Each structure stands twice: as C-alpha cells, then as structure tokens.
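Visitor: The file below is final.txt, compact mmCIF, C-alpha atoms:
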# COMPACT_ATOMS: atom_id res chain seq x y z
CA MET J 1 89.35 74.97 41.06
CA SER J 2 92.18 77.00 39.57
CA ASP J 3 93.37 76.65 36.01
CA LEU J 4 96.76 75.75 37.43
CA ALA J 5 95.37 72.49 38.83
CA VAL J 6 93.83 71.67 35.44
CA TYR J 7 97.16 72.28 33.70
CA ALA J 8 98.94 70.15 36.30
CA VAL J 9 96.58 67.19 35.69
CA ILE J 10 96.97 67.63 31.91
CA ALA J 11 100.75 67.51 32.43
CA ILE J 12 100.37 64.23 34.38
CA ALA J 13 98.20 62.81 31.56
CA LEU J 14 100.85 63.75 29.00
CA ALA J 15 103.55 62.24 31.22
CA PHE J 16 101.51 59.01 31.26
CA ASP J 17 101.41 59.19 27.44
CA PHE J 18 105.19 59.76 27.34
CA THR J 19 105.81 56.64 29.46
CA ASN J 20 103.53 54.68 27.13
CA GLY J 21 105.75 55.59 24.16
CA PHE J 22 108.88 54.89 26.22
CA HIS J 23 107.61 51.49 27.27
CA ASP J 24 106.04 50.33 24.00
CA ALA J 25 108.67 51.50 21.51
CA ALA J 26 110.25 48.05 21.45
CA ASN J 27 107.02 46.48 20.18
CA SER J 28 107.33 48.16 16.80
CA ILE J 29 111.09 48.19 16.33
CA ALA J 30 112.02 44.80 17.82
CA THR J 31 112.29 42.92 14.56
CA VAL J 32 113.74 45.81 12.54
CA VAL J 33 116.59 46.10 15.03
CA ALA J 34 117.06 42.35 15.53
CA THR J 35 117.47 41.81 11.78
CA ARG J 36 119.74 44.88 11.48
CA VAL J 37 117.60 46.61 8.88
CA LEU J 38 117.96 49.78 10.98
CA THR J 39 120.19 50.73 13.89
CA PRO J 40 118.31 51.04 17.21
CA ARG J 41 118.53 54.86 17.10
CA LEU J 42 117.21 55.10 13.54
CA ALA J 43 114.51 52.56 14.34
CA VAL J 44 113.11 54.59 17.23
CA VAL J 45 113.13 57.73 15.07
CA TRP J 46 111.20 55.75 12.44
CA ALA J 47 108.65 54.58 15.04
CA ALA J 48 108.35 58.03 16.65
CA VAL J 49 107.66 59.74 13.30
CA PHE J 50 104.81 57.30 12.60
CA ASN J 51 103.53 57.65 16.19
CA PHE J 52 103.31 61.39 15.60
CA ILE J 53 101.75 61.48 12.13
CA ALA J 54 99.02 59.02 13.17
CA PHE J 55 96.79 62.04 13.90
CA LEU J 56 96.65 62.71 10.15
CA ILE J 57 95.05 59.32 9.56
CA PHE J 58 92.84 58.51 12.54
CA LYS J 59 89.88 60.52 13.76
CA THR J 60 89.31 60.89 17.50
CA ALA J 61 86.74 58.13 18.01
CA VAL J 62 88.85 56.34 20.67
CA ALA J 63 89.31 59.61 22.59
CA ASN J 64 85.54 60.18 22.57
CA THR J 65 84.96 56.65 23.89
CA ILE J 66 87.38 57.22 26.79
CA ALA J 67 85.92 60.66 27.58
CA LYS J 68 82.22 59.87 27.26
CA ASP J 69 81.51 56.11 27.18
CA VAL J 70 83.40 54.66 30.18
CA VAL J 71 81.80 56.55 33.08
CA ASP J 72 78.99 59.09 33.37
CA GLN J 73 80.31 62.50 32.29
CA GLN J 74 78.49 64.17 35.21
CA VAL J 75 80.66 62.23 37.67
CA ILE J 76 83.99 63.26 36.14
CA SER J 77 85.83 65.95 38.06
CA ILE J 78 89.43 67.06 38.34
CA GLY J 79 89.79 64.81 41.41
CA VAL J 80 88.44 61.78 39.52
CA VAL J 81 90.81 62.33 36.60
CA PHE J 82 93.76 62.88 38.94
CA ALA J 83 92.97 59.73 40.95
CA ALA J 84 92.46 57.76 37.71
CA LEU J 85 95.93 58.77 36.49
CA VAL J 86 97.50 58.03 39.88
CA GLY J 87 95.84 54.58 39.87
CA ALA J 88 96.98 53.80 36.34
CA ILE J 89 100.55 55.00 36.89
CA ALA J 90 100.85 53.19 40.25
CA TRP J 91 99.50 49.97 38.72
CA ASN J 92 101.95 50.25 35.81
CA LEU J 93 104.87 50.74 38.20
CA VAL J 94 103.87 47.77 40.38
CA THR J 95 103.38 45.43 37.41
CA TYR J 96 106.63 46.68 35.83
CA TYR J 97 108.40 45.75 39.09
CA LEU J 98 106.68 42.33 39.18
CA GLY J 99 107.42 41.70 35.49
CA LEU J 100 103.75 41.44 34.48
CA PRO J 101 103.16 42.60 30.89
CA SER J 102 100.39 44.93 31.97
CA SER J 103 98.59 47.21 29.52
CA SER J 104 98.71 50.97 30.18
CA SER J 105 95.41 51.25 28.32
CA HIS J 106 93.60 48.79 30.56
CA ALA J 107 95.17 50.45 33.61
CA LEU J 108 93.82 53.81 32.46
CA VAL J 109 90.31 52.45 31.91
CA GLY J 110 90.46 50.69 35.30
CA GLY J 111 91.71 53.90 36.90
CA ILE J 112 88.82 55.97 35.49
CA VAL J 113 86.26 53.36 36.58
CA GLY J 114 87.73 53.00 40.10
CA ALA J 115 87.84 56.74 40.80
CA ALA J 116 84.33 57.32 39.41
CA VAL J 117 82.89 54.42 41.44
CA ALA J 118 84.62 55.74 44.57
CA LYS J 119 82.93 59.09 43.97
CA ALA J 120 79.43 58.10 42.88
CA GLY J 121 79.00 54.33 43.21
CA PHE J 122 78.56 51.70 40.50
CA SER J 123 75.79 53.68 38.80
CA ALA J 124 78.59 55.94 37.45
CA VAL J 125 79.77 53.19 35.10
CA VAL J 126 78.49 53.23 31.50
CA ALA J 127 77.89 49.50 31.12
CA ASN J 128 77.67 49.48 27.30
CA GLY J 129 80.95 51.31 26.83
CA LEU J 130 82.79 49.20 29.37
CA ASP J 131 81.36 45.98 27.87
CA LYS J 132 82.69 46.98 24.44
CA ILE J 133 86.16 47.62 25.89
CA ALA J 134 86.13 44.37 27.90
CA VAL J 135 85.12 42.28 24.87
CA PHE J 136 87.89 43.74 22.71
CA ILE J 137 90.50 43.27 25.45
CA VAL J 138 90.11 39.57 24.70
CA LEU J 139 89.28 39.83 21.00
CA SER J 140 92.08 42.10 19.77
CA PRO J 141 94.98 39.69 20.56
CA LEU J 142 92.95 36.81 19.10
CA ILE J 143 92.26 38.76 15.89
CA GLY J 144 95.99 39.62 15.70
CA LEU J 145 96.85 35.95 16.25
CA ALA J 146 94.52 34.70 13.49
CA LEU J 147 95.62 37.37 10.98
CA ALA J 148 99.32 36.73 11.69
CA PHE J 149 98.88 32.98 11.25
CA ILE J 150 97.12 33.53 7.90
CA ALA J 151 99.86 36.00 6.86
CA MET J 152 102.50 33.36 7.71
CA ILE J 153 100.70 30.76 5.56
CA ILE J 154 100.94 33.23 2.64
CA VAL J 155 104.62 33.91 3.44
CA LEU J 156 105.42 30.18 3.48
CA ARG J 157 103.63 29.70 0.15
CA LEU J 158 105.74 32.52 -1.33
CA ALA J 159 108.91 31.00 0.09
CA ALA J 160 108.03 27.58 -1.35
CA ARG J 161 107.60 29.09 -4.82
CA SER J 162 110.70 31.28 -4.66
CA HIS J 163 113.85 30.02 -6.38
CA ASN J 164 116.02 32.62 -4.69
CA VAL J 165 115.53 32.49 -0.91
CA ASP J 166 118.21 35.15 -0.29
CA ARG J 167 116.38 37.63 -2.50
CA LEU J 168 113.09 36.85 -0.74
CA ASN J 169 114.73 37.46 2.65
CA ARG J 170 116.13 40.78 1.45
CA ARG J 171 112.62 41.78 0.34
CA PHE J 172 111.18 40.91 3.73
CA ARG J 173 113.91 42.89 5.47
CA ARG J 174 112.86 45.95 3.46
CA LEU J 175 109.15 45.21 3.93
CA GLN J 176 109.73 45.37 7.67
CA LEU J 177 110.21 49.12 7.34
CA ILE J 178 106.65 49.39 6.03
CA SER J 179 105.12 46.95 8.53
CA ALA J 180 106.93 48.55 11.50
CA GLY J 181 105.77 51.98 10.29
CA ALA J 182 102.19 50.72 9.95
CA TYR J 183 102.27 49.23 13.45
CA SER J 184 103.66 52.50 14.86
CA LEU J 185 100.82 54.36 13.14
CA GLY J 186 98.31 52.03 14.80
CA HIS J 187 100.08 52.37 18.15
CA GLY J 188 100.11 56.17 17.98
CA GLY J 189 96.53 56.24 16.72
CA ASN J 190 95.08 54.12 19.52
CA ASP J 191 97.29 54.92 22.51
CA ALA J 192 97.68 58.70 22.09
CA GLN J 193 93.90 58.96 21.83
CA LYS J 194 93.46 57.49 25.31
CA THR J 195 95.36 60.46 26.74
CA MET J 196 93.32 62.79 24.51
CA GLY J 197 90.18 61.21 25.96
CA VAL J 198 91.31 61.84 29.53
CA VAL J 199 92.21 65.46 28.76
CA LEU J 200 88.91 65.97 26.90
CA ALA J 201 86.96 64.59 29.90
CA LEU J 202 88.89 66.91 32.20
CA LEU J 203 88.29 70.00 30.03
CA ILE J 204 84.55 69.22 29.82
CA ALA J 205 84.32 68.56 33.58
CA THR J 206 86.01 71.87 34.38
CA HIS J 207 83.78 73.74 31.89
CA HIS J 208 86.64 74.69 29.61
CA LEU J 209 84.70 72.92 26.85
CA PRO J 210 80.97 72.20 26.30
CA PRO J 211 79.78 68.58 26.93
CA ASP J 212 79.41 67.79 23.22
CA ALA J 213 82.85 69.17 22.28
CA GLY J 214 85.34 67.28 20.17
CA VAL J 215 89.06 67.00 20.94
CA PRO J 216 90.81 70.40 20.43
CA ILE J 217 93.69 70.29 17.96
CA TRP J 218 96.23 71.39 20.60
CA VAL J 219 95.28 68.32 22.69
CA VAL J 220 95.69 66.07 19.62
CA LEU J 221 99.14 67.51 18.86
CA ALA J 222 100.24 67.44 22.52
CA ALA J 223 99.22 63.77 22.94
CA HIS J 224 100.93 62.64 19.73
CA SER J 225 104.04 64.67 20.59
CA ALA J 226 104.20 63.12 24.07
CA ILE J 227 103.96 59.52 22.81
CA ALA J 228 106.45 60.20 20.00
CA LEU J 229 108.94 61.80 22.41
CA GLY J 230 108.51 58.83 24.76
CA THR J 231 109.30 56.46 21.91
CA LEU J 232 112.35 58.55 20.96
CA SER J 233 113.77 58.59 24.45
CA GLY J 234 113.01 55.05 25.54
CA GLY J 235 113.20 52.63 22.69
CA TRP J 236 116.90 52.52 21.95
CA ARG J 237 117.74 51.36 25.46
CA ILE J 238 115.61 48.26 25.24
CA VAL J 239 117.78 45.27 24.47
CA HIS J 240 115.52 42.32 25.29
CA THR J 241 112.64 42.86 22.97
CA LEU J 242 109.18 41.41 22.80
CA GLY J 243 110.09 39.73 19.54
CA SER J 244 112.66 37.45 21.13
CA ARG J 245 110.89 37.05 24.46
CA ILE J 246 107.86 35.25 23.04
CA THR J 247 109.25 33.47 20.01
CA LYS J 248 112.29 33.95 17.78
CA LEU J 249 111.26 36.04 14.79
CA GLN J 250 112.73 36.09 11.30
CA PRO J 251 112.16 39.09 8.96
CA SER J 252 109.18 37.35 7.32
CA GLY J 253 107.64 36.65 10.74
CA GLY J 254 108.23 40.25 11.79
CA VAL J 255 106.42 41.52 8.69
CA ALA J 256 103.51 39.11 9.31
CA ALA J 257 103.19 39.97 13.03
CA GLU J 258 103.46 43.73 12.57
CA SER J 259 101.08 43.80 9.60
CA ALA J 260 98.50 41.69 11.44
CA ALA J 261 98.73 43.84 14.57
CA ALA J 262 98.58 47.05 12.48
CA ALA J 263 95.45 45.83 10.64
CA THR J 264 93.80 45.01 13.98
CA LEU J 265 94.70 48.42 15.45
CA PHE J 266 93.50 50.28 12.33
CA PHE J 267 90.15 48.49 12.58
CA VAL J 268 89.55 49.06 16.31
CA SER J 269 90.75 52.68 16.16
CA ALA J 270 88.33 53.44 13.32
CA ARG J 271 85.55 51.95 15.46
CA GLY J 272 86.55 53.99 18.52
CA ILE J 273 87.58 50.99 20.60
CA PRO J 274 90.55 51.41 22.98
CA VAL J 275 92.65 48.23 23.10
CA SER J 276 96.06 47.22 24.36
CA THR J 277 98.55 47.66 21.53
CA THR J 278 101.04 45.48 23.43
CA HIS J 279 98.58 42.61 23.81
CA THR J 280 97.61 42.90 20.14
CA ILE J 281 101.19 42.48 18.91
CA THR J 282 101.73 39.74 21.50
CA GLY J 283 98.80 37.82 19.99
CA ALA J 284 100.23 38.36 16.50
CA ILE J 285 103.67 37.10 17.56
CA VAL J 286 102.06 33.99 19.08
CA GLY J 287 100.30 33.50 15.71
CA VAL J 288 103.64 33.66 13.88
CA GLY J 289 105.30 31.30 16.39
CA SER J 290 102.53 28.73 16.17
CA ILE J 291 102.98 28.34 12.40
CA GLN J 292 105.87 25.97 13.19
CA ARG J 293 104.58 24.27 16.31
CA LEU J 294 103.02 25.36 19.56
CA SER J 295 106.22 24.62 21.46
CA ALA J 296 107.92 27.46 19.50
CA VAL J 297 105.85 29.86 21.62
CA ARG J 298 107.10 30.67 25.10
CA TRP J 299 103.79 30.11 26.82
CA GLY J 300 105.01 31.50 30.14
CA VAL J 301 105.06 35.02 28.67
CA ALA J 302 101.78 34.53 26.84
CA GLY J 303 100.23 33.17 30.07
CA ARG J 304 101.38 36.25 31.99
CA VAL J 305 99.59 38.38 29.37
CA VAL J 306 96.38 36.50 30.19
CA TRP J 307 96.90 37.20 33.89
CA ALA J 308 97.42 40.85 33.04
CA TRP J 309 94.10 40.76 31.13
CA ILE J 310 92.30 39.51 34.21
CA LEU J 311 94.01 41.62 36.86
CA THR J 312 94.68 45.03 35.33
CA ILE J 313 91.26 46.71 35.21
CA PRO J 314 90.17 45.65 38.73
CA GLY J 315 93.69 46.22 40.11
CA ALA J 316 94.04 49.74 38.71
CA ALA J 317 90.43 50.46 39.74
CA ILE J 318 91.17 49.54 43.36
CA VAL J 319 94.32 51.71 43.44
CA SER J 320 92.55 54.71 41.89
CA ALA J 321 89.54 54.31 44.21
CA ALA J 322 91.97 54.37 47.15
CA ALA J 323 93.70 57.44 45.65
CA TYR J 324 90.33 59.20 45.29
CA GLY J 325 89.46 58.30 48.90
CA LEU J 326 92.77 59.79 50.11
CA LEU J 327 92.19 62.90 48.01
CA ARG J 328 88.86 63.46 49.73
CA VAL J 329 90.41 63.08 53.17
CA PHE J 330 92.98 65.77 52.41
CA MET R 331 98.55 10.99 23.58
CA ASP R 332 99.18 11.80 19.92
CA VAL R 333 96.96 14.76 19.02
CA ASP R 334 97.27 18.00 17.06
CA ARG R 335 97.63 20.44 19.95
CA ARG R 336 97.60 23.42 17.58
CA ALA R 337 94.17 22.47 16.23
CA ILE R 338 92.87 22.11 19.78
CA PHE R 339 94.37 25.52 20.65
CA PHE R 340 92.63 27.10 17.65
CA LEU R 341 89.34 25.42 18.58
CA GLY R 342 89.69 26.82 22.10
CA ALA R 343 90.39 30.32 20.72
CA GLY R 344 87.35 29.98 18.44
CA ALA R 345 85.20 28.90 21.40
CA VAL R 346 86.31 32.00 23.35
CA CYS R 347 85.35 34.22 20.37
CA ALA R 348 81.97 32.47 20.06
CA ALA R 349 81.35 32.94 23.79
CA LEU R 350 81.93 36.70 23.34
CA ILE R 351 79.22 37.05 20.67
CA PRO R 352 76.29 37.65 23.09
CA ALA R 353 78.35 40.15 25.12
CA THR R 354 79.20 42.25 22.04
CA ASP R 355 77.23 45.28 20.78
CA ALA R 356 74.79 44.27 18.05
CA GLU R 357 76.60 46.37 15.42
CA LEU R 358 79.94 44.70 16.18
CA ARG R 359 78.67 41.17 16.77
CA TRP R 360 79.97 40.07 13.38
CA VAL R 361 83.56 40.57 14.60
CA PRO R 362 83.67 37.76 17.23
CA ALA R 363 81.41 35.65 14.98
CA TRP R 364 83.78 35.86 12.01
CA THR R 365 86.85 35.45 14.22
CA ALA R 366 85.31 32.26 15.64
CA VAL R 367 84.66 30.98 12.10
CA ILE R 368 88.24 31.81 11.03
CA PHE R 369 89.64 29.92 14.05
CA ALA R 370 87.44 26.92 13.23
CA VAL R 371 88.81 26.92 9.64
CA LEU R 372 92.39 27.30 10.94
CA ALA R 373 91.81 24.36 13.32
CA LEU R 374 90.64 22.25 10.38
CA VAL R 375 93.61 23.31 8.22
CA SER R 376 95.99 22.59 11.10
CA TYR R 377 94.47 19.15 11.67
CA LEU R 378 94.69 18.24 7.97
CA ASP R 379 98.33 19.40 7.89
CA TRP R 380 99.11 17.38 11.04
CA ARG R 381 97.38 14.28 9.65
CA SER R 382 99.24 14.45 6.33
CA ASN R 383 102.56 14.84 8.18
CA ASN R 384 101.82 11.84 10.42
CA ARG R 385 100.87 9.39 7.68
Can you present the structure in this file as structure tokens?

Guide:
Amino acid sequence: MSDLAVYAVIAIALAFDFTNGFHDAANSIATVVATRVLTPRLAVVWAAVFNFIAFLIFKTAVANTIAKDVVDQQVISIGVVFAALVGAIAWNLVTYYLGLPSSSSHALVGGIVGAAVAKAGFSAVVANGLDKIAVFIVLSPLIGLALAFIAMIIVLRLAARSHNVDRLNRRFRRLQLISAGAYSLGHGGNDAQKTMGVVLALLIATHHLPPDAGVPIWVVLAAHSAIALGTLSGGWRIVHTLGSRITKLQPSGGVAAESAAAATLFFVSARGIPVSTTHTITGAIVGVGSIQRLSAVRWGVAGRVVWAWILTIPGAAIVSAAAYGLLRVF
Amino acid sequence: MDVDRRAIFFLGAGAVCAALIPATDAELRWVPAWTAVIFAVLALVSYLDWRSNNR
C-alpha cells in the first residue's frame, strides 16, 4: 500500500477531528457568550487556545487505548481504519440530520469495532478495553451530574451568605473564563487523543512505527491543531447553544457545570478512558438544572442523549462494517 | 402522588452506578461504587430538603 494512501487516511482522521472541534465548540463557550463575558469570536479563540495547549497537560493514555485496547492490533489495516472513519463520519452526518445528540467519540469506537469485526469476526474485539469504554459512556455523564449538583449546593451557600449579590454575580462572570478554559482543556485532551489513537493504529498497521510505539509528536500537534482550528471556524456560528437547550444557565450555573465536566474529563483522560465530552457536559448541565427542580430540565433533550448512548456504537459499527464490505468488493 | 421526584431520580442514578460495579475493571471499581454512594447521599439530602419545604 502506498504512502499516499496512508497520508490520505490520516487527512480524513484529521478532518474528523476538525469537525469535532467545529461541532463541540458551543459546549465550552455557551455560557460565556450567553452572559456576554466574551463576544462569540473571542470566546471561540479562548476555547481553541485551550483545545490546543491541552497536549502540554495530558499524556497520550487515551490515544493508546483507542490504538491498542479496542480491537486486536493484528487486525488493523489501512482498510479497517478507512472504513472506521467512513462509518463514524456517516453516522455523525445521519444523526446530525435527525437531530440526535450523537457522540463523535462513540461513533469512532463503533466504527473501529464494526470494521474490525467485518474483517476478522468478533474475536477481533478486545473485550476488556471495550467494557471499560462502555461503562464510562454511562458513568461520565452521571459523574458530571453529581459533581455539578454538589458545586451548585456550594454556590447557593455562597449566595446565601453574600450581602452583595451583584458583586457575587460579577465574580462568577469572571470565573466562567477559568471554567470554560478548563473544560476546553479537557475537551482537547480527550477528543484530540481519539484521532491520535486512530493515526497511531494506522502507522503501526502500515509498519511506519513498531507495535509498542508511542504517539509521535507530529501526530500530537496535528490532532490538537485540527480540533483547535475546528473550534475556531465553527463555534461563532452556533446561536442555539447546549446551555439554553437543556436548561437556562446563569453565570454561577455555567461555572458549576463547566468545572464539574472539566474535573470529570481530567480524571478519565488521566486514566486513558475515551468518553463523550458532549455527554459529560450534558450530564453536568442536568445536575445544575435539577438544583431547582427536575422540571427545570428539558428531559426531551436529555432523553435523546440516552438514545444516542444506546444507538451510536452499534449504529456506527454497522455502517463501518458495510463500508469495509464495500471496500473489499472494489 | 406527592413525592420528591428528584430524590427518586438520584436513587435511580445511584442504582445504575451500582449495577455498573461488576462490569468495571477491578482497579476502577471504586469509581462507580463511590458515585453510587454520592447519589445515595444526594437522594437523602434532596428528600430532607423536600420534606422541610413541605412541612
């Protein structure tokens, strides 16, 4: 297989990463823009910078999980990686059209599994690795929810003690810059590494790297650049943000949700667990909304997230298996 | 029926976390276990808050 084909698949992987930044930018800047702490353009620059510098903080444990712990490395080939990306991208486009809040991360994992199974059967799946990912698909939004609820209890205690509510609000508006930056770090750290994992698997499969290799620095920089550029080019267009779709957020709620989601993402990234950053912040926003009453949460959106949990991995797996089958025919 | 729906929601979330304990790697099993405990505490806090507001 020529190097040109390898470069082409790497380009597709980076394009997938770019669309991730484009699509998810609103998650981190929603509240900062809604409360007019930053203009939309400045907010996306803020998020993109933190997306990019995440490589200085996180190691590449998530990338190694994607490359080595989802399917048997012996099964991975350029065709498998290509079909996996086609499956993930096609699934994202279909769910975007249907309005399902699907996770690019789950789609990518499903895509890798589907293509590998189409090539070598179910024995290609690394059960332990996939179990870990499946468990944290459910756990990460719940951890975000619990942490955000606890953060809101602390916020309400502070508000009850404060004699100057205006000053407290101003503080929370400024704190949002830190919490949005922290969330963008977590987003860049977890999501860019999934692309790194795919590229690493491809480079090992095509013998450009030995099987025990780590992620080359150029792959790290390319993945973080792609997600940051995606954030820069996409975020400012997004008017209807996640923050207002699920529950109406105030600055204090934004700080609580973003901090809780960031803490969750920092933890899972350090442990090498790929999760959906969108679902994690969705859980945290539900946690903030439920501090008042459960009816403050728009359960229709939250319910669609649950459907996306259930459908995405098998759905993307079926599409990528079909793509791999077509590839073999041609 | 007059019940604290938030407490029930938290109990449900805690039950989901507890159900995930056996499926989790041994080294990470403490994560769903502690999350389940936290949700149980939040359910209790929510119930006490609801009861004091409804007296």

Visitor: Got a sec: who's within 9 Å of R:Ala363, counting all atoms listed in the file, leaving out chain neighbours fewer than 2 positions off, as a list in words?

Guide: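 Answer for this query is Gly344, Cys347, Ala348, Leu350, Ile351, Arg359, Trp360, Val361, Thr365, Ala366, Val367 and Ile368 of chain R.
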
Visitor: Smallest atom-to-atom distance to J:Asn169: which of J:Leu232, J:Leu98, J:Val37, J:Ala26, using all atoms listed in the file?

Guide: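 Ranked by minimum distance to J:Asn169, first place goes to J:Val37.
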
Visitor: How far is it from atom CA of J:Ile143 to atom CA of J:His23, in Å with one decimal?

Guide: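 The value is 23.0 Å.
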
Visitor: In Å, rounded to a single decimal, give me how far atom CA of J:His224 is from atom CA of J:Ala182.

Guide: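 Separation of atom CA of J:Ala182 and atom CA of J:His224: 15.5 Å.
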
Visitor: Have a look at atom CA of J:Val198 and atom CA of J:Val81 and let me know their distance in Å, one decimal.

Guide: 7.1 Å

Visitor: Measuring between only C-alpha atoms, which one of R:Pro352, R:Phe369, R:Ala345, R:Val375 shows the shortest distance to chain J?

Guide: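 Closest to chain J of all the choices is R:Phe369.
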
Visitor: So which residues touch J:Ala43 within 9 Å, counting only C-alpha atoms, skipping near sequence neighbours fewer than 4 positions away, as a VMD selection string?

Guide: chain J and resid 28 to 30 32 to 33 37 to 39 47 to 48 177 235 to 236

Visitor: Pick the closest to chain R from J:Ile154, J:Val138, J:Ala228, J:Ile53: which is it, counting only C-alpha atoms?

Guide: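 When distances to chain R are compared using only C-alpha atoms, the smallest one comes from J:Val138.
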
Visitor: Residues of chain J that approach chain R to 8 Å or less, counting only C-alpha atoms: could you list each one with the shortest pair of atoms and its distance in Å to one decimal, rows by chain and increasing residue number, as JSON lines?

Guide:
{"residue": "J:Asn128", "atom": "CA", "partner": "R:Asp355", "partner_atom": "CA", "distance": 7.8}
{"residue": "J:Asp131", "atom": "CA", "partner": "R:Ala353", "partner_atom": "CA", "distance": 7.1}
{"residue": "J:Lys132", "atom": "CA", "partner": "R:Thr354", "partner_atom": "CA", "distance": 6.3}
{"residue": "J:Val135", "atom": "CA", "partner": "R:Thr354", "partner_atom": "CA", "distance": 6.6}
{"residue": "J:Leu139", "atom": "CA", "partner": "R:Cys347", "partner_atom": "CA", "distance": 6.9}
{"residue": "J:Leu142", "atom": "CA", "partner": "R:Ala343", "partner_atom": "CA", "distance": 7.2}
{"residue": "J:Ile143", "atom": "CA", "partner": "R:Thr365", "partner_atom": "CA", "distance": 6.6}
{"residue": "J:Ala146", "atom": "CA", "partner": "R:Phe369", "partner_atom": "CA", "distance": 6.9}
{"residue": "J:Ser290", "atom": "CA", "partner": "R:Arg336", "partner_atom": "CA", "distance": 7.4}
{"residue": "J:Arg293", "atom": "CA", "partner": "R:Arg336", "partner_atom": "CA", "distance": 7.1}
{"residue": "J:Leu294", "atom": "CA", "partner": "R:Arg336", "partner_atom": "CA", "distance": 6.1}

Visitor: Write a file of the just-selected residues containing C-alpha atoms, as a PDB file, in the frame of the given file.

Guide:
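The resulting file, result38.pdb, is reproduced below:
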ATOM      1  CA  ASN J 128      77.670  49.480  27.300  1.00  0.00           C
ATOM      2  CA  ASP J 131      81.360  45.980  27.870  1.00  0.00           C
ATOM      3  CA  LYS J 132      82.690  46.980  24.440  1.00  0.00           C
ATOM      4  CA  VAL J 135      85.120  42.280  24.870  1.00  0.00           C
ATOM      5  CA  LEU J 139      89.280  39.830  21.000  1.00  0.00           C
ATOM      6  CA  LEU J 142      92.950  36.810  19.100  1.00  0.00           C
ATOM      7  CA  ILE J 143      92.260  38.760  15.890  1.00  0.00           C
ATOM      8  CA  ALA J 146      94.520  34.700  13.490  1.00  0.00           C
ATOM      9  CA  SER J 290     102.530  28.730  16.170  1.00  0.00           C
ATOM     10  CA  ARG J 293     104.580  24.270  16.310  1.00  0.00           C
ATOM     11  CA  LEU J 294     103.020  25.360  19.560  1.00  0.00           C
TER      12      LEU J 294
END

Visitor: Find the residue from J:Thr195, J:Thr65, J:Ser102, J:Ser259 that sits nearest to J:Gly181; use only C-alpha atoms when measuring.

Guide: J:Ser259

Visitor: For J:Phe52, which residue out of J:Gln250, J:Thr312, J:Ser225, J:Thr264 is the nearest one, using only C-alpha atoms?

Guide: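 Nearest candidate to J:Phe52 out of J:Gln250, J:Thr312, J:Ser225, J:Thr264: J:Ser225.
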
Visitor: Please provide the set of residues having any atom within 10 Å of J:Leu311, restricted to only C-alpha atoms, with same-chain residues fewer than 4 positions apart removed, written as a list in words.

Guide: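 In the requested format, the answer is Ser102, His106, Ala107, Gly110, Val305, Val306, Trp307, Gly315, Ala316 and Ala317 of chain J.
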
Visitor: Keeping C-alpha atoms for every residue in the selection just given, could you write it to a file as a JSON list (two decimals), in the coordinates of the input?

Guide:
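Writing done, so here's out-v9.json:
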[["chain", "number", "residue", "atom", "x", "y", "z"],
["J", 102, "SER", "CA", 100.39, 44.93, 31.97],
["J", 106, "HIS", "CA", 93.60, 48.79, 30.56],
["J", 107, "ALA", "CA", 95.17, 50.45, 33.61],
["J", 110, "GLY", "CA", 90.46, 50.69, 35.30],
["J", 305, "VAL", "CA", 99.59, 38.38, 29.37],
["J", 306, "VAL", "CA", 96.38, 36.50, 30.19],
["J", 307, "TRP", "CA", 96.90, 37.20, 33.89],
["J", 315, "GLY", "CA", 93.69, 46.22, 40.11],
["J", 316, "ALA", "CA", 94.04, 49.74, 38.71],
["J", 317, "ALA", "CA", 90.43, 50.46, 39.74]]

Visitor: Please list as number ranges by chain every residue within 8 Å of J:His279, counting all atoms listed in the file and excluding residues in the same chain fewer than 4 positions away.

Guide: J: 103, 140-141, 283, 305

Visitor: With distances taken over all atoms listed in the file, which of J:Ile291, J:Ala201, J:Ile217, J:Leu209 is nearest to J:Val9?

Guide: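 Checking each candidate against J:Val9, we get J:Ala201 as the closest.
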
Visitor: Edge lengths and centre, in Å to one decimal, as lines of an AutoDock Vina configuration file: that's what I need for the box along x, y and z that holds all listed atoms of stretch 106-124 of chain J plus 3 Å on each side.

Guide:
center_x = 85.5
center_y = 53.9
center_z = 37.6
size_x = 25.4
size_y = 16.3
size_z = 20.0
